[in-house]
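Colleague: Quick one: the structure is below, questions incoming.
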Amino acid sequence: MNPELLEKLAELDAAGFLIRENEQAEDFLQRVSDIAGTYEAFDAELAANDQVVVFDTFSVSAADRISPELPEEAAAITGDLYGFAVRHVPGFYLTKQIGLLWGGCLIGDPDANFAVFLLRNAFRKHRRFLNYRREELLAHELCHSVRHVLEEPLLEEYFAYQTSPSPLRRYLGNCFISDRDAWGFLLPVMLLPVAELLRALWNPEFPSWIFWIMAAVYPLFLLVRNHFSRKLVAGARRVLRSAGVEKCEAVLFRCTPEELDELGKCDPAALAGWMEQKAAQQVRWQVIKYRFFDPRKEIDL
């Protein structure tokens with residue numbers, strides 16, 4: 001690949017634009033150009049009207065836009081851990097249409113090449129709300145905004161939660177990877193009082209023990225799945241470290257589960273050959289190799 005083109009792709013990678021599997025350089029550059037155009041149109045509309053309704057749901061205003069300092073706090077976290085710093089996604093404080101315990105979230109539409117970060121208004125003056133830290137929230141959600149192009153949910157929450165200072169959240173964060181997991185965890189627990197009430201008031205022989213088993217089985221399933229997901233990442237990490245790779249987490253962040261499995265089974269001495277093979281197949285791996293394996297200069301974040 002042309003060295004100038006490879007350098008440009010690497011700079012975009014550092015800015016939080018990951019290349020999809022089997023995506024060619026020309027298609028990637030066009031996609032980034034389309035994304036830039038979408039955000040420019042949004043900024044123009046906001047400047048003209050001082051207020052924009054995003055996704056037909058939330059109204060955001062120029063006065064409530066998050067200052068650049070906060071994204072820089074998140075960039076320090078994601079830059080050190082995963083080698084990227086996102087600055088193109090706008091963020092806003094919300095004062096209405098929020099839940100009592102809600103801290104913030106990122107909402108986006110991959111087809112429209114647009115996302116926006118929404119933060120509780122309490123964070124405007126305070127770094128913390130309940131158990132949330134604003135820079136942690138932003139770093140977490142920006143990991144989602146970057147990694148979603150890989151289109152794999154198995155480890156999405158794992159990598160996002162590694163930005164947390166809490167060991168417990170880092171360990172358990174990947175237990176819930178979909179809405180189905182939340183319902184599977186909560187529904188049996190919610191039904192337990194009903195089952196016990198039926199047994200007490202209607203039929204002493206009612207088998208409420210079934211609901212106790214259900215309440216235990218799904219959390220156990222989540223823990224087991226989380227264990228094997230973490231084991232998959234840990235195996236790939238061991239190989240990278242044994243081969244002397246410095247930015248292991250940044251490489252792991254850009255891998256699919258299948259690639260992590262391949263890495264975990266690779267002999268460290270054969271890693272260079274494996275990397276050359278991947279780079280010959282995909283532009284994405286040419287960029288990963290250039291940034292984290294070749295002795296190149298560090299790209300400014």
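Every chain in the structure tokens has a letter given in the order shown (A, B, ...), and although residue numbers restart at 1 in each chain, ligands are simply numbered from 1 in the order shown.
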Name all residues at most 8 Å from range 253-264 of chain A (count only C-alpha atoms; drop same-chain ones fewer than 4 positions away) and give them as a list in words.

Modeller: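 The residues that qualify are Leu18, Tyr82, Arg147, Leu150, Glu152, Leu154, Leu155, Phe159, Leu232, Val233, Ala234, Gly235, Ala236, Arg237, Arg238, Val239, Leu240, Glu249, Leu271 and Ile288 of chain A.
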
Colleague: What's the 7 Å shell around range 110-126 of chain A, counting only C-alpha atoms, without same-chain residues fewer than 5 positions away, as a PyMOL selection string?

Modeller: chain A and resi 35+38+89-95+103-105+134

Colleague: Using only C-alpha atoms, which of A:Glu21, A:Glu73, A:Glu151, A:Asp179 sits nearest Arg133 in chain A?

Modeller: A:Glu73

Colleague: From a DSSP calculation on the backbone, collect every residue of range 20-251 of chain A in alpha helix (DSSP H) and output the set as a PyMOL selection string.

Modeller: chain A and resi 25-49+69-82+134-147+156-161+167-172+179-201+209-242+248-251

Colleague: What's the separation between CA of Asn174 in chain A and CA of Leu137 in chain A, in Å to one decimal place?

Modeller: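 Those two atoms sit 15.5 Å apart.
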
Colleague: Can you list, as a PyMOL selection string, every protein, DNA or RNA residue that comes within 12 Å of Glu11 in chain A when you count only C-alpha atoms, leaving out same-chain residues fewer than 3 positions away?

Modeller: chain A and resi 4-8+14-19+29+83-86+287-288+290-291+297-301

Colleague: I want to know what sits within 8 Å of Trp285 in chain A, based on only C-alpha atoms, with residues of the same chain fewer than 5 positions away left out; could you give that as a short mmCIF file (atom, residue, chain, number, x, y, z; two decimals) with N, CA and C atoms, in the first residue's frame?

Modeller:
```cif
data_model
loop_
_atom_site.label_atom_id
_atom_site.label_comp_id
_atom_site.auth_asym_id
_atom_site.auth_seq_id
_atom_site.Cartn_x
_atom_site.Cartn_y
_atom_site.Cartn_z
N MET A 275 0.60 -12.27 11.48
CA MET A 275 0.25 -10.88 11.21
C MET A 275 0.43 -10.53 9.74
N LYS A 278 -2.54 -11.89 7.85
CA LYS A 278 -3.75 -11.09 8.04
C LYS A 278 -3.66 -9.77 7.27
N ALA A 279 -2.48 -9.16 7.30
CA ALA A 279 -2.30 -7.89 6.60
C ALA A 279 -2.42 -8.05 5.08
#
```
